[in-house]
Amino acid sequence: MNHELEVSFEFIKEFEGCHTYDRKTGLYRPYYCPAGVLTIGWGATGSGITFSSRWTKAQCDERLKKDVYQCMVAVKKLLPNATGGLLVACTSFAYNVGINALKNSTLRRKVLRGDLQGAKKEFLKWKFAGGRELKGLLRRRQAEADLF
């Protein structure tokens, strides 16, 4: 899982971006993602993030590593046989949309049934945020499907 974890980390960084760097303070500050969720660094969300949070680049990187690890562990529980590109793609997907979305998804059901071609097509259905289709999400989902 170590190689897959490192690949997932880099893959997710490519799509999340580390946003809202404040040149005055040298710190990253929170922003609202397209879905309206308060976010900081490489897509970190959650109760510990407030609008007054300020993180260094190292804090952003460490949080991403921790979150990706936890996400991958959860994905492995939902898809015990997932390895390689399938594991990386599903970890990226779950990091972005949430582990519960993966848990309840047709994508997961198809993987578990062995319908990998059908599962691959499911990625492209998840291209909306805040009720809008986003080109960035479509690009990410295509990359996940290709990796899958």
# chains A, B, ... in the order shown; residues from 1 in each chain; ligands from 1
call {"tool": "residues_around", "arguments": {"residues": "Ala35 (chain A)", "least_positions_apart": "2", "cutoff": "10 Å", "atoms": "only C-alpha atoms", "output": "number ranges by chain"}}
result
A: 32-33, 37-38, 128-132
call {"tool": "write_last_selection", "arguments": {"atoms": "all heavy atoms", "output": "compact mmCIF listing (two decimals), in the first residue's frame"}}
result
# COMPACT_ATOMS: atom_id res chain seq x y z
N TYR A 32 -13.85 28.73 0.13
CA TYR A 32 -15.02 27.87 -0.12
C TYR A 32 -14.83 27.19 -1.46
O TYR A 32 -14.63 27.84 -2.48
CB TYR A 32 -16.31 28.69 -0.10
CG TYR A 32 -16.70 29.09 1.31
CD1 TYR A 32 -16.41 30.35 1.80
CD2 TYR A 32 -17.34 28.18 2.15
CE1 TYR A 32 -16.74 30.71 3.10
CE2 TYR A 32 -17.68 28.53 3.44
CZ TYR A 32 -17.38 29.79 3.91
OH TYR A 32 -17.70 30.14 5.20
N CYS A 33 -14.90 25.86 -1.46
CA CYS A 33 -14.79 25.10 -2.70
C CYS A 33 -16.08 25.30 -3.51
O CYS A 33 -17.05 25.87 -3.01
CB CYS A 33 -14.54 23.63 -2.39
SG CYS A 33 -15.99 22.74 -1.81
N VAL A 37 -18.11 24.24 0.56
CA VAL A 37 -17.53 23.70 1.79
C VAL A 37 -16.25 24.47 2.12
O VAL A 37 -15.40 24.68 1.25
CB VAL A 37 -17.22 22.20 1.64
CG1 VAL A 37 -16.56 21.64 2.88
CG2 VAL A 37 -18.50 21.43 1.31
N LEU A 38 -16.11 24.88 3.39
CA LEU A 38 -14.90 25.58 3.82
C LEU A 38 -13.72 24.60 3.75
O LEU A 38 -13.77 23.51 4.31
CB LEU A 38 -15.07 26.12 5.24
CG LEU A 38 -13.98 27.08 5.71
CD1 LEU A 38 -13.92 28.34 4.84
CD2 LEU A 38 -14.23 27.47 7.17
N PHE A 128 -20.35 16.99 -10.94
CA PHE A 128 -21.12 18.16 -10.50
C PHE A 128 -20.71 18.58 -9.09
O PHE A 128 -20.42 17.74 -8.24
CB PHE A 128 -22.62 17.84 -10.50
CG PHE A 128 -23.17 17.54 -11.86
CD1 PHE A 128 -23.22 16.24 -12.33
CD2 PHE A 128 -23.61 18.56 -12.68
CE1 PHE A 128 -23.73 15.96 -13.59
CE2 PHE A 128 -24.12 18.30 -13.94
CZ PHE A 128 -24.16 16.99 -14.40
N ALA A 129 -20.70 19.87 -8.87
CA ALA A 129 -20.50 20.44 -7.53
C ALA A 129 -21.34 21.70 -7.43
O ALA A 129 -21.37 22.49 -8.38
CB ALA A 129 -19.03 20.76 -7.28
N GLY A 130 -22.02 21.84 -6.34
CA GLY A 130 -22.88 23.01 -6.17
C GLY A 130 -23.95 23.10 -7.25
O GLY A 130 -24.36 24.19 -7.63
N GLY A 131 -24.38 21.94 -7.78
CA GLY A 131 -25.42 21.90 -8.79
C GLY A 131 -24.96 22.23 -10.20
O GLY A 131 -25.78 22.32 -11.11
N ARG A 132 -23.65 22.40 -10.39
CA ARG A 132 -23.12 22.75 -11.71
C ARG A 132 -22.12 21.70 -12.17
O ARG A 132 -21.36 21.16 -11.36
CB ARG A 132 -22.39 24.09 -11.68
CG ARG A 132 -23.21 25.27 -11.26
CD ARG A 132 -22.35 26.51 -11.23
NE ARG A 132 -20.96 26.17 -10.89
CZ ARG A 132 -20.11 26.96 -10.30
NH1 ARG A 132 -20.45 28.17 -9.99
NH2 ARG A 132 -18.88 26.58 -10.02
call {"tool": "residues_around", "arguments": {"residues": "Gln59 (chain A)", "least_positions_apart": "6", "cutoff": "10 Å", "atoms": "only C-alpha atoms", "output": "PyMOL selection string"}}
result
chain A and resi 27-28+41+65
call {"tool": "write_last_selection", "arguments": {"atoms": "N, CA, C and O atoms", "output": "compact mmCIF listing (two decimals), in the first residue's frame"}}
result
# COMPACT_ATOMS: atom_id res chain seq x y z
N LEU A 27 1.27 32.27 4.62
CA LEU A 27 0.41 31.17 5.07
C LEU A 27 -0.76 30.95 4.11
O LEU A 27 -1.11 31.84 3.35
N TYR A 28 -1.33 29.78 4.20
CA TYR A 28 -2.52 29.45 3.41
C TYR A 28 -3.74 29.67 4.28
O TYR A 28 -3.75 29.38 5.48
N GLY A 41 -5.75 24.33 2.21
CA GLY A 41 -4.66 23.50 1.70
C GLY A 41 -5.07 22.69 0.48
O GLY A 41 -5.65 23.22 -0.45
N LYS A 65 -1.37 14.12 3.59
CA LYS A 65 -0.84 12.76 3.79
C LYS A 65 -1.72 11.98 4.77
O LYS A 65 -2.05 10.83 4.53
call {"tool": "select_by_dssp", "arguments": {"residues": "region 8-117 of chain A", "states": "helix (DSSP H, G or I)", "output": "ChimeraX atom specification"}}
result
/A:8-16,57-78,84-97,99-103,106-113,116-117
call {"tool": "write_last_selection", "arguments": {"atoms": "C-alpha atoms", "output": "short mmCIF file (atom, residue, chain, number, x, y, z; two decimals), in the first residue's frame"}}
result
data_model
loop_
_atom_site.label_atom_id
_atom_site.label_comp_id
_atom_site.auth_asym_id
_atom_site.auth_seq_id
_atom_site.Cartn_x
_atom_site.Cartn_y
_atom_site.Cartn_z
CA SER A 8 -2.48 8.70 -4.51
CA PHE A 9 -0.88 11.61 -2.68
CA GLU A 10 0.67 12.99 -5.89
CA PHE A 11 -2.41 12.25 -8.00
CA ILE A 12 -4.72 14.08 -5.59
CA LYS A 13 -2.32 17.04 -5.31
CA GLU A 14 -2.54 17.46 -9.07
CA PHE A 15 -6.30 17.93 -8.92
CA GLU A 16 -6.83 19.64 -5.58
CA LYS A 57 2.78 24.63 3.36
CA ALA A 58 4.17 21.87 5.58
CA GLN A 59 0.88 21.74 7.51
CA CYS A 60 -1.04 21.52 4.22
CA ASP A 61 1.17 18.65 3.05
CA GLU A 62 0.98 16.78 6.36
CA ARG A 63 -2.80 17.07 6.50
CA LEU A 64 -3.08 15.74 2.95
CA LYS A 65 -0.84 12.76 3.79
CA LYS A 66 -2.92 11.97 6.88
CA ASP A 67 -6.24 12.37 5.07
CA VAL A 68 -5.17 10.32 2.03
CA TYR A 69 -3.91 7.53 4.29
CA GLN A 70 -7.21 7.46 6.23
CA CYS A 71 -9.15 7.58 2.98
CA MET A 72 -7.17 4.70 1.48
CA VAL A 73 -7.69 2.56 4.59
CA ALA A 74 -11.44 3.21 4.33
CA VAL A 75 -11.45 2.40 0.60
CA LYS A 76 -9.64 -0.89 1.31
CA LYS A 77 -12.42 -1.81 3.75
CA LEU A 78 -15.08 -1.10 1.14
CA GLY A 84 -2.86 -0.58 -8.10
CA GLY A 85 -4.69 1.89 -10.29
CA LEU A 86 -8.10 0.78 -9.06
CA LEU A 87 -7.12 1.59 -5.45
CA VAL A 88 -5.53 4.93 -6.39
CA ALA A 89 -8.52 5.97 -8.53
CA CYS A 90 -11.04 5.03 -5.85
CA THR A 91 -8.99 6.76 -3.14
CA SER A 92 -8.90 9.96 -5.19
CA PHE A 93 -12.63 9.67 -5.85
CA ALA A 94 -13.46 9.09 -2.17
CA TYR A 95 -11.12 11.89 -1.06
CA ASN A 96 -13.04 14.26 -3.30
CA VAL A 97 -16.66 13.14 -2.84
CA ILE A 99 -16.14 7.85 1.68
CA ASN A 100 -19.90 7.54 2.23
CA ALA A 101 -20.54 8.54 -1.37
CA LEU A 102 -18.23 5.72 -2.49
CA LYS A 103 -19.83 3.31 -0.01
CA THR A 106 -23.09 2.20 -8.12
CA LEU A 107 -19.36 2.42 -8.87
CA ARG A 108 -18.59 0.36 -5.74
CA ARG A 109 -21.40 -2.12 -6.39
CA LYS A 110 -20.08 -2.72 -9.90
CA VAL A 111 -16.50 -3.20 -8.69
CA LEU A 112 -17.68 -5.72 -6.10
CA ARG A 113 -19.63 -7.60 -8.80
CA LEU A 116 -14.97 -3.19 -14.03
CA GLN A 117 -15.98 -1.72 -17.39
#
call {"tool": "closest_residue", "arguments": {"among": "A:Pro30, A:Gly114, A:Gly98, A:Gly17", "to": "Ser52 (chain A)", "atoms": "only C-alpha atoms"}}
result
A:Pro30
call {"tool": "select_by_dssp", "arguments": {"residues": "chain A", "states": "strand (DSSP E)", "output": "mmCIF file with N, CA and C atoms, in the first residue's frame"}}
result
data_model
loop_
_atom_site.group_PDB
_atom_site.id
_atom_site.type_symbol
_atom_site.label_atom_id
_atom_site.label_comp_id
_atom_site.auth_asym_id
_atom_site.auth_seq_id
_atom_site.Cartn_x
_atom_site.Cartn_y
_atom_site.Cartn_z
ATOM 1 N N TYR A 21 -2.907 31.242 -1.041
ATOM 2 C CA TYR A 21 -1.661 31.593 -0.354
ATOM 3 C C TYR A 21 -1.659 33.090 -0.106
ATOM 4 N N ASP A 22 -1.393 33.466 1.109
ATOM 5 C CA ASP A 22 -1.348 34.876 1.498
ATOM 6 C C ASP A 22 0.111 35.328 1.488
ATOM 7 N N LEU A 27 1.266 32.267 4.620
ATOM 8 C CA LEU A 27 0.411 31.169 5.072
ATOM 9 C C LEU A 27 -0.758 30.947 4.108
ATOM 10 N N TYR A 28 -1.333 29.780 4.204
ATOM 11 C CA TYR A 28 -2.522 29.450 3.410
ATOM 12 C C TYR A 28 -3.745 29.668 4.279
ATOM 13 N N TYR A 31 -10.820 28.716 2.059
ATOM 14 C CA TYR A 31 -11.648 29.201 0.952
ATOM 15 C C TYR A 31 -12.853 28.277 0.846
ATOM 16 N N TYR A 32 -13.853 28.729 0.127
ATOM 17 C CA TYR A 32 -15.017 27.873 -0.118
ATOM 18 C C TYR A 32 -14.832 27.187 -1.463
ATOM 19 N N LEU A 38 -16.105 24.884 3.386
ATOM 20 C CA LEU A 38 -14.897 25.576 3.821
ATOM 21 C C LEU A 38 -13.717 24.602 3.748
ATOM 22 N N THR A 39 -12.678 25.006 3.040
ATOM 23 C CA THR A 39 -11.567 24.133 2.674
ATOM 24 C C THR A 39 -10.257 24.891 2.855
ATOM 25 N N PHE A 128 -20.352 16.995 -10.945
ATOM 26 C CA PHE A 128 -21.115 18.157 -10.499
ATOM 27 C C PHE A 128 -20.709 18.579 -9.092
ATOM 28 N N ALA A 129 -20.698 19.873 -8.865
ATOM 29 C CA ALA A 129 -20.496 20.439 -7.527
ATOM 30 C C ALA A 129 -21.341 21.699 -7.433
ATOM 31 N N ARG A 132 -23.650 22.399 -10.388
ATOM 32 C CA ARG A 132 -23.116 22.746 -11.715
ATOM 33 C C ARG A 132 -22.121 21.699 -12.167
ATOM 34 N N GLU A 133 -22.098 21.453 -13.465
ATOM 35 C CA GLU A 133 -21.078 20.585 -14.038
ATOM 36 C C GLU A 133 -19.790 21.397 -14.138
#
call {"tool": "decode", "arguments": {"residues": "region 2-30 of chain A", "atoms": "N, CA and C atoms", "output": "PDB file, in the first residue's frame"}}
result
ATOM      1  N   ASN A   2       2.123   1.173   0.385  1.00  0.00           N
ATOM      2  CA  ASN A   2       2.981   2.364   0.442  1.00  0.00           C
ATOM      3  C   ASN A   2       3.142   3.031  -0.915  1.00  0.00           C
ATOM      4  N   HIS A   3       3.399   2.233  -1.961  1.00  0.00           N
ATOM      5  CA  HIS A   3       3.546   2.808  -3.301  1.00  0.00           C
ATOM      6  C   HIS A   3       2.229   3.442  -3.744  1.00  0.00           C
ATOM      7  N   GLU A   4       1.141   2.735  -3.527  1.00  0.00           N
ATOM      8  CA  GLU A   4      -0.172   3.254  -3.912  1.00  0.00           C
ATOM      9  C   GLU A   4      -0.517   4.510  -3.128  1.00  0.00           C
ATOM     10  N   LEU A   5      -0.082   4.566  -1.879  1.00  0.00           N
ATOM     11  CA  LEU A   5      -0.324   5.747  -1.052  1.00  0.00           C
ATOM     12  C   LEU A   5       0.426   6.952  -1.614  1.00  0.00           C
ATOM     13  N   GLU A   6       1.681   6.768  -1.982  1.00  0.00           N
ATOM     14  CA  GLU A   6       2.469   7.862  -2.558  1.00  0.00           C
ATOM     15  C   GLU A   6       1.892   8.310  -3.896  1.00  0.00           C
ATOM     16  N   VAL A   7       1.487   7.365  -4.726  1.00  0.00           N
ATOM     17  CA  VAL A   7       0.877   7.701  -6.017  1.00  0.00           C
ATOM     18  C   VAL A   7      -0.427   8.466  -5.784  1.00  0.00           C
ATOM     19  N   SER A   8      -1.220   8.012  -4.823  1.00  0.00           N
ATOM     20  CA  SER A   8      -2.484   8.703  -4.512  1.00  0.00           C
ATOM     21  C   SER A   8      -2.232  10.127  -4.051  1.00  0.00           C
ATOM     22  N   PHE A   9      -1.235  10.291  -3.200  1.00  0.00           N
ATOM     23  CA  PHE A   9      -0.876  11.609  -2.683  1.00  0.00           C
ATOM     24  C   PHE A   9      -0.559  12.562  -3.837  1.00  0.00           C
ATOM     25  N   GLU A  10       0.289  12.136  -4.752  1.00  0.00           N
ATOM     26  CA  GLU A  10       0.675  12.987  -5.889  1.00  0.00           C
ATOM     27  C   GLU A  10      -0.485  13.201  -6.847  1.00  0.00           C
ATOM     28  N   PHE A  11      -1.266  12.158  -7.092  1.00  0.00           N
ATOM     29  CA  PHE A  11      -2.415  12.249  -7.995  1.00  0.00           C
ATOM     30  C   PHE A  11      -3.426  13.269  -7.467  1.00  0.00           C
ATOM     31  N   ILE A  12      -3.735  13.173  -6.194  1.00  0.00           N
ATOM     32  CA  ILE A  12      -4.719  14.077  -5.591  1.00  0.00           C
ATOM     33  C   ILE A  12      -4.194  15.509  -5.578  1.00  0.00           C
ATOM     34  N   LYS A  13      -2.905  15.691  -5.292  1.00  0.00           N
ATOM     35  CA  LYS A  13      -2.323  17.038  -5.308  1.00  0.00           C
ATOM     36  C   LYS A  13      -2.517  17.700  -6.666  1.00  0.00           C
ATOM     37  N   GLU A  14      -2.393  16.918  -7.722  1.00  0.00           N
ATOM     38  CA  GLU A  14      -2.544  17.462  -9.071  1.00  0.00           C
ATOM     39  C   GLU A  14      -3.925  18.064  -9.293  1.00  0.00           C
ATOM     40  N   PHE A  15      -4.933  17.461  -8.685  1.00  0.00           N
ATOM     41  CA  PHE A  15      -6.302  17.929  -8.919  1.00  0.00           C
ATOM     42  C   PHE A  15      -6.824  18.873  -7.851  1.00  0.00           C
ATOM     43  N   GLU A  16      -6.340  18.768  -6.650  1.00  0.00           N
ATOM     44  CA  GLU A  16      -6.830  19.635  -5.576  1.00  0.00           C
ATOM     45  C   GLU A  16      -6.205  21.015  -5.634  1.00  0.00           C
ATOM     46  N   GLY A  17      -4.915  21.084  -5.853  1.00  0.00           N
ATOM     47  CA  GLY A  17      -4.242  22.372  -5.782  1.00  0.00           C
ATOM     48  C   GLY A  17      -4.193  22.863  -4.347  1.00  0.00           C
ATOM     49  N   CYS A  18      -3.198  23.628  -4.023  1.00  0.00           N
ATOM     50  CA  CYS A  18      -3.071  24.207  -2.681  1.00  0.00           C
ATOM     51  C   CYS A  18      -3.336  25.701  -2.854  1.00  0.00           C
ATOM     52  N   HIS A  19      -4.530  26.128  -2.499  1.00  0.00           N
ATOM     53  CA  HIS A  19      -5.026  27.451  -2.859  1.00  0.00           C
ATOM     54  C   HIS A  19      -4.890  28.493  -1.760  1.00  0.00           C
ATOM     55  N   THR A  20      -5.140  29.705  -2.139  1.00  0.00           N
ATOM     56  CA  THR A  20      -5.244  30.903  -1.310  1.00  0.00           C
ATOM     57  C   THR A  20      -4.039  31.132  -0.402  1.00  0.00           C
ATOM     58  N   TYR A  21      -2.907  31.242  -1.041  1.00  0.00           N
ATOM     59  CA  TYR A  21      -1.661  31.593  -0.354  1.00  0.00           C
ATOM     60  C   TYR A  21      -1.659  33.090  -0.106  1.00  0.00           C
ATOM     61  N   ASP A  22      -1.393  33.466   1.109  1.00  0.00           N
ATOM     62  CA  ASP A  22      -1.348  34.876   1.498  1.00  0.00           C
ATOM     63  C   ASP A  22       0.111  35.328   1.488  1.00  0.00           C
ATOM     64  N   ARG A  23       0.470  36.159   0.531  1.00  0.00           N
ATOM     65  CA  ARG A  23       1.869  36.601   0.384  1.00  0.00           C
ATOM     66  C   ARG A  23       2.362  37.431   1.564  1.00  0.00           C
ATOM     67  N   LYS A  24       1.449  38.126   2.216  1.00  0.00           N
ATOM     68  CA  LYS A  24       1.848  38.948   3.369  1.00  0.00           C
ATOM     69  C   LYS A  24       2.318  38.083   4.534  1.00  0.00           C
ATOM     70  N   THR A  25       1.583  37.028   4.809  1.00  0.00           N
ATOM     71  CA  THR A  25       1.900  36.196   5.980  1.00  0.00           C
ATOM     72  C   THR A  25       2.694  34.939   5.617  1.00  0.00           C
ATOM     73  N   GLY A  26       2.679  34.558   4.353  1.00  0.00           N
ATOM     74  CA  GLY A  26       3.332  33.321   3.949  1.00  0.00           C
ATOM     75  C   GLY A  26       2.541  32.080   4.337  1.00  0.00           C
ATOM     76  N   LEU A  27       1.266  32.267   4.620  1.00  0.00           N
ATOM     77  CA  LEU A  27       0.411  31.169   5.072  1.00  0.00           C
ATOM     78  C   LEU A  27      -0.758  30.947   4.108  1.00  0.00           C
ATOM     79  N   TYR A  28      -1.333  29.780   4.204  1.00  0.00           N
ATOM     80  CA  TYR A  28      -2.522  29.450   3.410  1.00  0.00           C
ATOM     81  C   TYR A  28      -3.745  29.668   4.279  1.00  0.00           C
ATOM     82  N   ARG A  29      -4.785  30.204   3.658  1.00  0.00           N
ATOM     83  CA  ARG A  29      -6.012  30.479   4.398  1.00  0.00           C
ATOM     84  C   ARG A  29      -7.171  29.728   3.750  1.00  0.00           C
ATOM     85  N   PRO A  30      -8.256  29.538   4.476  1.00  0.00           N
ATOM     86  CA  PRO A  30      -9.396  28.784   3.958  1.00  0.00           C
ATOM     87  C   PRO A  30     -10.115  29.500   2.810  1.00  0.00           C
TER      88      PRO A  30
END
